[in-house]
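Structure, as structure tokens:
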Amino acid sequence: MSVFHDAERRLWLLRTPHSSYALRLDDGDCPRAVHWGAPLTLEQAAEIVAPAPRDISSFHGGPSDPELPAQTGASFGPASLQVRFADGAGGVEWRFDGHEIDGGHLRLRLADRHYPLAITLHYRVREDSDVIERWTELSHTGQGEPIEVQRCDSASWSPPRGTRLSHVVGAWSAENQLVREELPVGETVLTSRRGATSHQANPWLMLDDGTATEEQGEVWSAALAWSGSWRITVQRTPFDGVVFTGGAGHEGLRTHLGPGETWTSPVFSGLYGTAGFGGVSHAWHAHVLEHVLPHPQELRPIVYNSWEATWFDVNVDGQLALAKLAASAGAELFVLDDGWFGARVNDWAGLGDWTVNRDRFPQGLGQLIEGVHAYGMRFGLWVEPEMVNPDSDLYRAHPDWVIHMPNRTRTTMRNQLVLNFGRPDVAAWAHEWLDRLVSEHEIDFLKWDFNRSFTEGGWPDSGDPDRLWDAHVRNLYALLDRLRADHPHLRIEGCSGGGGRVDLGMLARVDEVWTSDNTDAVDRVSIQHGFTQVYPVRAMAAWVTDSPNPLTRRLVPLRFRFHVAMAGVLALGGNLTRWSQEELAEAADLVAQYRLIRPVVQHGVVHRLTPPDAPVVGVQYSLGEQVVVFAYRVNTRFGHAPWPLRLRGLDPEARYRDDDTGAEHSGAVLLAHGLPLDRLPRGDYASLVVRLTRM
Ligand code: GLA
């Protein structure tokens with residue numbers, strides 16, 4: 001049993017394998033947080049039920065933090081729920097209407113005492129995960145006027161400590177840059193107002209008291225499963241109280257809940273751990289593999305993607321030439337990227353016209369697909385269903401299908417506009433052509449792109465224009481779910497100009513994500529470090545491309561480029577027709593090495609052994625008896641020999657043999673002293689992969 005109830009004290013306790021969460025109703029029926037942290041019994045949690053009053057003066061807030069602060073009573077922190085009724089009243093006066101416990105799922109049914117608003121708080125725990133899922137359901141239970149909803153977060157969380165905040169920031173080509181800094185007193189908002197998750201921020205956070213390390217210490221973390229605009233507000237008081245609330249949408253949006261309507265928030269999951277940031281990452285990875293990704297047991301294939309080889313200049317002969325080289329290098333799935341359809345010969349035209357360009361593919365896609373199959377690879381195709389170029393037949397026919405506002409310029413970004421997937425006709429159109437495309441061709445894989453943010457976020461004539469922000473994402477999810485259900489063999493790579501739409505909502509519907517448009521191996525080290533804080537390596541696509549890198553112009557040896565990409569879901573993305581015979585042979589050799597370590601990298605436990613800017617960066621993967629260690633030195637300094645890399649998670653009693661050299665190490669020495677890096681070459685861009693097997 002994982003959910004416990006003390007009826008007399010109106011207290012609930014949720015247990016996970018290594019944590020617990022307790023909440024209770026106060027005298028006014030308002031649900032309030034009691035405990036989030038170490039495992040407690042119901043009896044123990046009951047001791048915390050009546051905390052010493054904190055409201056020592058009339059200017060303080062209430063005694064403990066509401067589960068969903070709703071702008072009523074003496075509650076002055078960031079509100080999770082902001083509603084407005086037709087008569088101008090706002091907030092919620094709570095009334096408890098009962099609860100249900102169904103396995104690990106607790107439903108607390110609450111309602112407003114006066115207005116026809118029902119609020120159900122959902123909690124779900126599982127026996128094999130420390131993640132506590134929370135979400136909120138709002139229902140208009142009356143007749144008459146709609147209720148205006150200004151904010152409805154999934155949950156508010158109240159960790160007992162949290163004066164340091166970890167999160168990621170970034171930009172296009174610079175996703176997932178980890179920031180770990182003192183949380184300022186006041187309110188800190190992490191958000192995206194872009195209609196998508198964003199490159200700039202990602203909807204997760206970790207809080208600790210400033211003492212946690214990669215391996216030790218208490219960490220409270222949370223991640224939101226939503227791929228549209230989002231907002232997490234963290235409040236720290238001068239006396240080190242911390243609460244945070246998060247959910248879909250951004251400030252200023254207003255939607256209306258009509259009579260009989262129910263709106264369900266996305267899931268905002270929390271996770272507490274005592275084994276530092278690394279431990280929390282492991283728990284998130286295990287959870288995503290077990291409960292989020294659609295086919296977690298699979299090994300991701302080695303993709304070849306031709307984008308950086310040909311850009312928009314695609315045709316059947318050129319792609320077949322690349323396919324042949326890709327197959328001999330060991331690729332298992334060939335992806336034709338942008339430029340295969342309509343008048344899409346550059347990014348100015350044709351987006352939205354999803355018919356094969358017959359100048360480029362005179363016999364349709366079939367010829368390329370057959371060729372790819374003949375080389376022993378599966379076939380994948382790039383699509384960007386949510387977008388349109390103004391210069392397209394689709395836009396000429398349906399200028400009203402895009403997200404727009406009356407009397408406002410339709411801002412283009414990358415010369416494109418966003419289709420309003422909130423509209424059922426637009427969503428149905430997209431389903432129709434995608435379903436036909438996948439049915440008529442042997443397509444095993446779609447790379448699903450999304451290359452700009454929302455602007456002029458309106459939906460004229462809908463009566464409720466801000467619904468767009470929610471409805472677009474829900475219809476996107478429904479479309480992905482339906483395509484997957486109807487085409488069970490189909491695998492999907494999520495992409496948004498690189499990693500602009502990576503979150504637990506997307507990871508439930510795609511098999512991997514394109515991590516960044518930046519394929520420079522040096523930059524990737526920090527991008528991958530940030531990615532793995534919450535998301536598993538199993539979903540982190542990483543291509544080896546050309547040198548100099550097309551974006552950064554950096555010259556990086558093939559081996560270093562491979563070794564960085566081999567720490568994720570390895571793929572190839574360079575112009576192989578320009579690679580020398582030696583480079584192609586070296587590539588084939590490294591791909592073969594990756595095959596040996598792929599299960600460990602994709603399914604193992606990842607240990608980030610150093611920060612991403614260490615003189616020698618180390619990353620370790622462990623699965624069963626196998627251990628794989630990557631070491632990277634970008635710049636050599638002073639010609640000093642590298643320090644040994646201390647490994648983690650090994651058995652100190654066991655011995656480990658190096659699969660390549662036969663050298664033996666004792667686990668205790670590898671843990672305490674480290675793995676000697678004498679095989680790391682001298683000079684810049686030096687890298688090494690060490691494979692160890694427990695003896
Ligand atoms: C985005 C993707 C790239 C590529 C291009 C095609 O930028 O991230 O990988 O698919 O679009 O236009």
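All residue names refer to the structure tokens as shown: chains lettered A, B, ... in order, residues numbered from 1 in each chain, ligands numbered from 1 in order.
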
Long-range neighbours of A:Asp503 as an MDAnalysis selection string, 8 Å cut-off, only C-alpha atoms, 5 positions minimum in chain:
chainID A and resid 197 202:203 224:227

If we count only C-alpha atoms and set the cut-off at 8 Å, which residues sit around A:Asn357, ignoring sequence neighbours fewer than 5 positions away in its own chain? Please answer as a ChimeraX atom specification.
/A:340-343,362,364

Distance query A:Ser139 at most 8 Å, only C-alpha atoms, self and fewer than 3 positions along chain excluded, as a PyMOL selection string
chain A and resi 117-119+257+260-263

Pick from A:Val513, A:Ala212, A:Leu81, A:Ala427: nearest to ligand 1, with only C-alpha atoms and all ligand atoms counted?
A:Val513

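Around ligand 1, using only C-alpha atoms and all ligand atoms and a cut-off of 9 Å, the residues in contact are A:Asn305, A:Trp307, A:Glu308, A:Trp311, A:Phe312, A:Asp337, A:Asp338, A:Gly339, A:Asn346, A:Asp347, A:Trp382, A:Val383, A:Glu384, A:Lys447, A:Trp448, A:Asp449, A:Phe450, A:Asn451, A:Cys495, A:Ser496, A:Gly497, A:Gly498, A:Gly499, A:Gly500, A:Trp514, A:Thr515, A:Ser516, A:Asp517, A:Asn518.
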
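The shell of residues at most 9 Å from A:Pro146, with only C-alpha atoms counted and near chain neighbours (fewer than 5 positions) removed, consists of A:Phe85, A:Ala86, A:His140, A:His256, A:Leu257, A:Gly258, A:Pro259.
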
Filtering to C-alpha atoms, could you give me those residues as a JSON list (two decimals), in the first residue's frame?
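Final output, part-v5.json:
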[["chain", "number", "residue", "atom", "x", "y", "z"],
["A", 85, "PHE", "CA", -16.31, 34.61, -11.32],
["A", 86, "ALA", "CA", -18.87, 36.58, -13.33],
["A", 140, "HIS", "CA", -17.51, 24.22, -13.82],
["A", 256, "HIS", "CA", -12.91, 30.50, -19.71],
["A", 257, "LEU", "CA", -14.36, 27.36, -18.25],
["A", 258, "GLY", "CA", -17.92, 26.97, -19.46],
["A", 259, "PRO", "CA", -20.72, 25.18, -17.58]]

Residues of stretch 147-303 of chain A classed as strand (DSSP E) by DSSP on the backbone are to be reported as a ChimeraX atom specification.
/A:147-152,155-157,164-169,177-182,186-192,204-208,219-224,230-236,242-248,255-257,262-264,268-273,303

Show me, as a CSV table (one decimal) with C-alpha atoms, in the first residue's frame, the residues that have an atom within 8 Å of A:Ala567 when counting only C-alpha atoms, minus same-chain residues fewer than 2 positions from it.
chain,number,residue,atom,x,y,z
A,537,VAL,CA,20.7,9.3,-22.3
A,563,HIS,CA,33.7,9.9,-28.4
A,564,VAL,CA,31.4,12.8,-27.4
A,565,ALA,CA,28.5,11.5,-29.6
A,569,VAL,CA,22.4,8.0,-28.9
A,570,LEU,CA,25.1,8.0,-31.6
A,601,VAL,CA,25.4,3.8,-22.6
A,619,VAL,CA,31.4,10.5,-17.8
A,630,PHE,CA,34.6,8.5,-21.4

As a PyMOL selection string, which residues of stretch 323-382 of chain A does DSSP assign to helix (DSSP H, G or I)?
chain A and resi 323-329+366-374

Quick one: contact table of stretch 572-648 of chain A to stretch 156-180 of chain A, 12 Å max, nearest atom pair and distance in Å to one decimal per residue, counting only C-alpha atoms, chain and number order, as JSON lines?
{"residue": "A:Pro611", "atom": "CA", "partner": "A:Leu178", "partner_atom": "CA", "distance": 9.9}
{"residue": "A:Pro612", "atom": "CA", "partner": "A:Leu178", "partner_atom": "CA", "distance": 9.4}
{"residue": "A:Asp613", "atom": "CA", "partner": "A:Leu178", "partner_atom": "CA", "distance": 11.3}

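Residues lying within 6 Å of A:Leu23, counting only C-alpha atoms and ignoring same-chain neighbours fewer than 5 positions away, are Leu11, Trp12, Arg32, Ala33 and Val34 of chain A.
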
Write a file of the just-selected residues containing all heavy atoms, as a CSV table (one decimal), in the first residue's frame.
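again.csv, written as the output of this step:
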chain,number,residue,atom,x,y,z
A,11,LEU,N,-5.7,13.7,7.3
A,11,LEU,CA,-4.3,13.6,6.9
A,11,LEU,C,-4.1,12.5,5.9
A,11,LEU,O,-4.7,11.4,6.1
A,11,LEU,CB,-3.4,13.4,8.1
A,11,LEU,CG,-1.9,13.1,8.0
A,11,LEU,CD1,-1.1,14.3,7.6
A,11,LEU,CD2,-1.4,12.5,9.3
A,12,TRP,N,-3.3,12.7,4.9
A,12,TRP,CA,-2.9,11.7,3.9
A,12,TRP,C,-1.4,11.6,3.8
A,12,TRP,O,-0.7,12.6,3.9
A,12,TRP,CB,-3.5,12.0,2.5
A,12,TRP,CG,-5.0,11.9,2.4
A,12,TRP,CD1,-5.7,10.9,2.0
A,12,TRP,CD2,-5.9,13.0,2.7
A,12,TRP,NE1,-7.1,11.2,2.0
A,12,TRP,CE2,-7.2,12.5,2.5
A,12,TRP,CE3,-5.8,14.3,3.2
A,12,TRP,CZ2,-8.4,13.2,2.7
A,12,TRP,CZ3,-6.9,15.0,3.4
A,12,TRP,CH2,-8.2,14.5,3.2
A,32,ARG,N,-3.2,21.5,2.8
A,32,ARG,CA,-1.9,22.1,3.1
A,32,ARG,C,-0.8,21.0,3.2
A,32,ARG,O,-1.0,19.9,3.7
A,32,ARG,CB,-2.0,22.8,4.5
A,32,ARG,CG,-2.8,24.1,4.4
A,32,ARG,CD,-2.8,24.9,5.7
A,32,ARG,NE,-3.7,26.0,5.6
A,32,ARG,CZ,-3.3,27.2,5.1
A,32,ARG,NH1,-2.0,27.4,4.7
A,32,ARG,NH2,-4.1,28.2,5.0
A,33,ALA,N,0.4,21.4,2.8
A,33,ALA,CA,1.5,20.5,2.8
A,33,ALA,C,1.9,20.3,4.2
A,33,ALA,O,1.9,21.2,5.1
A,33,ALA,CB,2.7,21.2,2.1
A,34,VAL,N,2.3,19.0,4.5
A,34,VAL,CA,2.8,18.7,5.9
A,34,VAL,C,4.2,18.2,5.8
A,34,VAL,O,5.1,18.6,6.6
A,34,VAL,CB,1.9,17.6,6.5
A,34,VAL,CG1,2.5,17.0,7.7
A,34,VAL,CG2,0.5,18.1,6.7

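Shortest separation to A:Glu148 among A:His99, A:His35, A:Phe454, A:Asp466 occurs at residue A:Asp466, atoms counted being only C-alpha atoms.
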